[in-house]
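Report on the structure given below.
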Amino acid sequence: MRRLRSILLAILLLGLLWWWLVPSAGLRIEDGSILELELAGSYTETAEASLAARVLGTPGQPFVSLLSELAKAERDDRIGAVILRIQPLEIGWAKAQELRSAIASLSERGKRTLAYLEFMAISANLEYFVASAADEVWLAPAARTPVMGLAAQYLFLGGLWEKLGIEIEVERIGRYKSAVESIAGREMSDASREMANALLDSVDRSFVSGIAESRGLAESTIRDAIAAGAVEPEAMKKWGLIEGVMHRDELEAHLGQGEILEGSDYAAVDPLDVNFDPVARFALIYGTGNVVTGEGSVSPDGTPVLASDTVSDAIALAVEDSEIDAIIFRVDSPGGSPLASDIVWRAGELAKDAGKPFIVSMSDVAASGGYYVATGADAVVASPASITGSIGVFTLRPVIAGALDKLDVGYESLVRAPHADLQISTKPLSAGSRERLKAEVESIYELFLERVAEGRSLSRDDVHAVAQGRVWTGEQAAAAGLVDVLGGLRTAVIEGKKRLDFEEDADVTLVLFPPPKTLIEQLNDTLQGVRVALTPELSLPAAVSDAQHWLDVLAQGTPVARLPFALEID
């Protein structure tokens, strides 16, 4: 009996694994079917949602999976229309632009596209921006999703450290490297204000012009509609922002007699069923999160990291694989360690030396160290709203003597060399040590300029003119010579095909490097993630909690190449 129970248990477990891992077969799709897809929540720049994320209830669908489903529907002659049920999206403006392009491609292939907004929010700028790419935009009767216009907010933590008795010593290269202001300052400098306004203006232009083009309206009309503050659906319809209001069942009836096909079912459709015939295989390698040295894919708190050894090894494996024809490096990173960035940069150089096209595709953010790793690519592709550039270096050094005094903690320090006080956190640096630290920061900055100049075929001075820590949108970076082509992942793949003399519409297979983790590896990550999830945390404003990541990055007291602020435009 014990043996029988073991056999039955094994069969049950195998059945559950089969049900979980293998998509359902035998799906029959009628001609003229209506595909219904839900766009909601976060979309990650990773190969797959980790088991840890699924267990903790915050998986985030891989963005490439969503793009793949839209591309599959685009070429599926059995699909007559696509309903996009749009709920709150936790993505950046670059991903939003890629989604708009994918929706527009559906329309170009003769699919009728309808966006259906069914949520309530004070402002739904980004969600409406995505929705407006569809042929028709409809609201649920009780939905209130006004287009309020864009805004950006910055916090400055200098006063907080002062109250705690902590002094922040700063060394930076670049007048726009404003991290020192958000962390150590009290207000925005003129240079930072110039940069912040330029970024907001660039995204705002894309926002308004994109809506105007899709809706067939003048940009002035869109700005007037935003200024009017239309909240009620009837007011939005009056301005031409939506077609009207319908319940979901009414919307489905509005499309006619086509069979409704759920997105979860459509995911089981094999690309071969829609005449997918690849002529090449491209490696898809992700560089997501803070740039750090060593191996790994997630930090202790469960967020992705761009680990130098893991990413550079993946690039090397793709170079060695004779079945891989080109490499697409998808970057979504605010930067971090200059050393780690240089290690990944070198791996890209070796890929090019081996003769394989090495194409970078920038997601929402590829700045500072995230730009460093991209600078030597055969082609750098960014969406107009990608946040990039930020070519600069800085270091922050806390002096905690005041805090210790407040806590009545005694301290003393002894040194045996002129610059050994760089390792002491209880007193300000001597003049000589400050010069020593400044020299280190300048040295790293010069290496950064050298890498960019070499990769972009520019002079050192030309790079310096657009560097100095300044952050650009992809649109601005292209004008400054830092980006080659504007577009998303699909555009990056096309760039790879061009370098192999394939037609733009030729099919290629994207192969994940490194391969997805084994179940045992995911279980190990899950246990780590669960431990983190059970750790109590204070509920702090996002800009304040982001300081924890700064402290992690600066833990060794070394200079960093990182985006100077946590930028979020709503």
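Chain labels follow the order of the structure tokens: the first chain is A, the next B, and so on; residue numbering restarts at 1 in every chain, and ligands are counted from 1 in their shown order.
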If you run DSSP on the backbone, which residues of region 101-328 of chain A are strand (DSSP E), as a PyMOL selection string?
chain A and resi 112-117+136-139+167-173+244-245+260-262+278-288+290-292+305-307+326-328
Keeping only C-alpha atoms, take the residues you just selected and write them out as a short mmCIF file (atom, residue, chain, number, x, y, z; two decimals), in the first residue's frame.
data_model
loop_
_atom_site.label_atom_id
_atom_site.label_comp_id
_atom_site.auth_asym_id
_atom_site.auth_seq_id
_atom_site.Cartn_x
_atom_site.Cartn_y
_atom_site.Cartn_z
CA ARG A 112 -9.87 46.11 -36.11
CA THR A 113 -8.53 47.30 -32.76
CA LEU A 114 -10.62 48.54 -29.85
CA ALA A 115 -9.24 49.81 -26.56
CA TYR A 116 -11.52 49.46 -23.53
CA LEU A 117 -10.62 51.48 -20.42
CA GLU A 136 -11.57 52.96 -31.34
CA VAL A 137 -11.40 53.93 -27.66
CA TRP A 138 -14.30 53.07 -25.37
CA LEU A 139 -14.92 53.60 -21.65
CA GLU A 167 27.07 65.37 6.66
CA ILE A 168 27.31 64.23 3.01
CA GLU A 169 30.60 64.93 1.24
CA VAL A 170 30.36 64.94 -2.54
CA GLU A 171 32.66 64.56 -5.52
CA ARG A 172 31.16 64.55 -8.99
CA ILE A 173 32.08 65.13 -12.61
CA GLY A 244 -18.27 56.59 -26.27
CA VAL A 245 -19.37 54.43 -23.35
CA ILE A 260 -14.54 35.71 -28.38
CA LEU A 261 -11.06 34.28 -27.82
CA GLU A 262 -9.42 34.90 -24.42
CA PRO A 278 12.51 31.72 -39.13
CA VAL A 279 15.60 32.26 -41.25
CA ALA A 280 17.92 32.99 -38.31
CA ARG A 281 18.30 32.75 -34.54
CA PHE A 282 19.07 35.82 -32.44
CA ALA A 283 20.18 35.65 -28.82
CA LEU A 284 18.10 37.83 -26.51
CA ILE A 285 20.09 38.90 -23.43
CA TYR A 286 18.65 41.06 -20.67
CA GLY A 287 20.50 43.71 -18.69
CA THR A 288 17.98 44.78 -16.06
CA ASN A 290 21.45 48.12 -10.96
CA VAL A 291 24.80 47.28 -12.55
CA VAL A 292 26.79 45.20 -10.06
CA VAL A 305 20.22 43.18 -11.18
CA LEU A 306 22.56 43.49 -14.14
CA ALA A 307 25.39 41.33 -12.79
CA ALA A 326 23.16 37.98 -33.92
CA ILE A 327 22.80 39.27 -30.34
CA ILE A 328 20.08 41.60 -29.05
#
All alpha helix (DSSP H) positions in region 202-441 of chain A, as a VMD selection string:
chain A and resid 202 to 215 219 to 228 233 to 238 248 to 254 263 to 266 308 to 320 338 to 353 369 to 372 401 to 406 431 to 441
File dump, residues just selected, C-alpha atoms, as a tab-separated table (two decimals), in the first residue's frame:
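Dumped everything to out-v1.tsv:
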chain	number	residue	atom	x	y	z
A	202	SER	CA	10.40	65.86	-24.76
A	203	VAL	CA	8.05	63.27	-23.25
A	204	ASP	CA	5.17	65.77	-23.36
A	205	ARG	CA	5.72	66.37	-27.09
A	206	SER	CA	5.62	62.65	-27.78
A	207	PHE	CA	2.55	62.29	-25.55
A	208	VAL	CA	0.50	65.01	-27.26
A	209	SER	CA	1.66	64.38	-30.83
A	210	GLY	CA	1.06	60.63	-30.48
A	211	ILE	CA	-2.52	61.11	-29.29
A	212	ALA	CA	-3.21	63.76	-31.93
A	213	GLU	CA	-1.93	61.58	-34.77
A	214	SER	CA	-3.85	58.51	-33.64
A	215	ARG	CA	-7.10	60.39	-33.08
A	219	GLU	CA	-2.17	68.96	-31.33
A	220	SER	CA	-3.75	72.24	-30.25
A	221	THR	CA	-7.08	70.43	-29.83
A	222	ILE	CA	-5.46	67.81	-27.61
A	223	ARG	CA	-3.85	70.50	-25.46
A	224	ASP	CA	-7.17	72.33	-25.21
A	225	ALA	CA	-8.88	69.09	-24.15
A	226	ILE	CA	-6.25	68.50	-21.48
A	227	ALA	CA	-6.56	72.08	-20.25
A	228	ALA	CA	-10.35	71.73	-20.07
A	233	PRO	CA	-17.05	60.39	-20.47
A	234	GLU	CA	-19.41	62.67	-22.37
A	235	ALA	CA	-16.90	65.51	-22.12
A	236	MET	CA	-14.11	63.22	-23.36
A	237	LYS	CA	-16.33	62.18	-26.28
A	238	LYS	CA	-17.08	65.83	-27.07
A	248	ARG	CA	-18.11	45.05	-21.94
A	249	ASP	CA	-20.82	42.72	-23.26
A	250	GLU	CA	-22.15	45.58	-25.39
A	251	LEU	CA	-18.69	46.19	-26.80
A	252	GLU	CA	-18.37	42.53	-27.77
A	253	ALA	CA	-21.79	42.66	-29.43
A	254	HIS	CA	-20.75	45.87	-31.18
A	263	GLY	CA	-5.77	35.90	-24.38
A	264	SER	CA	-4.90	33.12	-21.92
A	265	ASP	CA	-6.20	30.56	-24.44
A	266	TYR	CA	-4.55	32.24	-27.42
A	308	SER	CA	28.59	41.71	-14.81
A	309	ASP	CA	29.71	38.06	-14.83
A	310	THR	CA	26.25	36.67	-15.56
A	311	VAL	CA	25.59	39.05	-18.45
A	312	SER	CA	29.08	38.94	-19.96
A	313	ASP	CA	29.09	35.12	-19.76
A	314	ALA	CA	25.72	35.06	-21.55
A	315	ILE	CA	27.14	37.25	-24.32
A	316	ALA	CA	30.19	34.97	-24.60
A	317	LEU	CA	27.99	31.86	-24.80
A	318	ALA	CA	25.95	33.46	-27.57
A	319	VAL	CA	29.16	34.29	-29.45
A	320	GLU	CA	30.37	30.68	-29.17
A	338	PRO	CA	31.74	51.46	-13.47
A	339	LEU	CA	33.86	48.31	-13.15
A	340	ALA	CA	30.88	46.04	-13.77
A	341	SER	CA	29.80	48.24	-16.68
A	342	ASP	CA	33.24	47.99	-18.26
A	343	ILE	CA	33.24	44.19	-17.95
A	344	VAL	CA	29.94	44.00	-19.84
A	345	TRP	CA	31.16	46.58	-22.37
A	346	ARG	CA	34.19	44.39	-23.09
A	347	ALA	CA	31.96	41.36	-23.72
A	348	GLY	CA	30.12	43.37	-26.37
A	349	GLU	CA	33.41	44.33	-28.01
A	350	LEU	CA	34.43	40.67	-28.20
A	351	ALA	CA	31.07	39.81	-29.75
A	352	LYS	CA	31.64	42.36	-32.50
A	353	ASP	CA	35.20	41.10	-33.03
A	369	GLY	CA	26.27	52.63	-16.36
A	370	GLY	CA	23.24	51.43	-18.32
A	371	TYR	CA	24.45	53.56	-21.24
A	372	TYR	CA	28.08	52.54	-20.68
A	401	ALA	CA	30.12	62.23	13.64
A	402	GLY	CA	27.12	64.48	14.25
A	403	ALA	CA	24.76	61.51	14.43
A	404	LEU	CA	27.04	59.75	16.90
A	405	ASP	CA	27.19	62.91	19.02
A	406	LYS	CA	23.38	63.06	19.09
A	431	ALA	CA	42.34	68.52	1.61
A	432	GLY	CA	44.82	65.94	0.27
A	433	SER	CA	42.37	63.06	0.55
A	434	ARG	CA	39.65	65.08	-1.15
A	435	GLU	CA	42.02	65.69	-4.08
A	436	ARG	CA	42.77	61.97	-4.11
A	437	LEU	CA	39.05	61.12	-4.29
A	438	LYS	CA	38.44	63.75	-6.96
A	439	ALA	CA	41.28	62.29	-9.05
A	440	GLU	CA	39.65	58.83	-8.87
A	441	VAL	CA	36.29	60.20	-9.99
Env of Met148 (chain A): 7 Å cut, atoms = only C-alpha atoms, seq-sep filter 6 positions within chain, self excluded. Answer as a ChimeraX atom specification.
/A:123,125,226,229
Output file for the selection above: C-alpha atoms, as a compact mmCIF listing (two decimals), in the first residue's frame:
# COMPACT_ATOMS: atom_id res chain seq x y z
CA SER A 123 -5.23 60.64 -14.04
CA ASN A 125 -2.23 59.78 -18.97
CA ILE A 226 -6.25 68.50 -21.48
CA GLY A 229 -9.88 68.89 -17.57
With only C-alpha atoms as the counted atoms, please give the residues lying no more than 6 Å from Ser361 (chain A), apart from itself and same-chain residues fewer than 5 positions off, as a tab-separated table (two decimals) with N, CA and C atoms, in the first residue's frame.
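Okay, part_1.tsv is ready:
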chain	number	residue	atom	x	y	z
A	330	ARG	N	19.02	43.70	-24.50
A	330	ARG	CA	17.90	44.54	-24.05
A	330	ARG	C	18.25	45.13	-22.69
A	381	VAL	N	19.55	51.24	-30.26
A	381	VAL	CA	18.15	51.53	-30.59
A	381	VAL	C	17.43	51.94	-29.31
A	489	LEU	N	11.97	47.00	-29.46
A	489	LEU	CA	12.62	45.71	-29.66
A	489	LEU	C	12.50	45.25	-31.10
A	492	ALA	N	15.05	46.91	-33.14
A	492	ALA	CA	16.39	46.36	-32.88
A	492	ALA	C	16.61	45.07	-33.65
Straight-line distance linking CA of Phe358 (chain A) with CA of Glu323 (chain A), stated in Å to one decimal
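It comes out at 15.1 Å.
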I'd like the contact shell of Ile91 (chain A) - 10 Å cut-off, only C-alpha atoms, skipping same-chain residues fewer than 5 positions apart - returned as a PyMOL selection string.
chain A and resi 40-44+63+96+126-127+364+568
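Nearest to Gly302 (chain A) of all the residues A:Gly289, A:Ser33, A:Glu38, A:Met362 is A:Gly289, based on only C-alpha atoms.
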Can you tell me which residues surround Pro62 (chain A) at a distance of at most 6 Å, considering only C-alpha atoms, apart from same-chain residues fewer than 2 positions away, and format the answer as a ChimeraX atom specification?
/A:43-46,48,64-65
Kindly export the residues of the current selection with C-alpha atoms, as a PDB file, in the first residue's frame.
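This went into selection_13.pdb:
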ATOM      1  CA  TYR A  43       5.783  44.150 -17.420  1.00  0.00           C
ATOM      2  CA  THR A  44       9.341  43.114 -16.716  1.00  0.00           C
ATOM      3  CA  GLU A  45      12.474  43.105 -18.852  1.00  0.00           C
ATOM      4  CA  THR A  46      13.334  39.561 -17.845  1.00  0.00           C
ATOM      5  CA  GLU A  48      10.288  35.021 -17.302  1.00  0.00           C
ATOM      6  CA  VAL A  64       8.593  40.445 -24.660  1.00  0.00           C
ATOM      7  CA  SER A  65       5.784  37.897 -24.130  1.00  0.00           C
TER       8      SER A  65
END
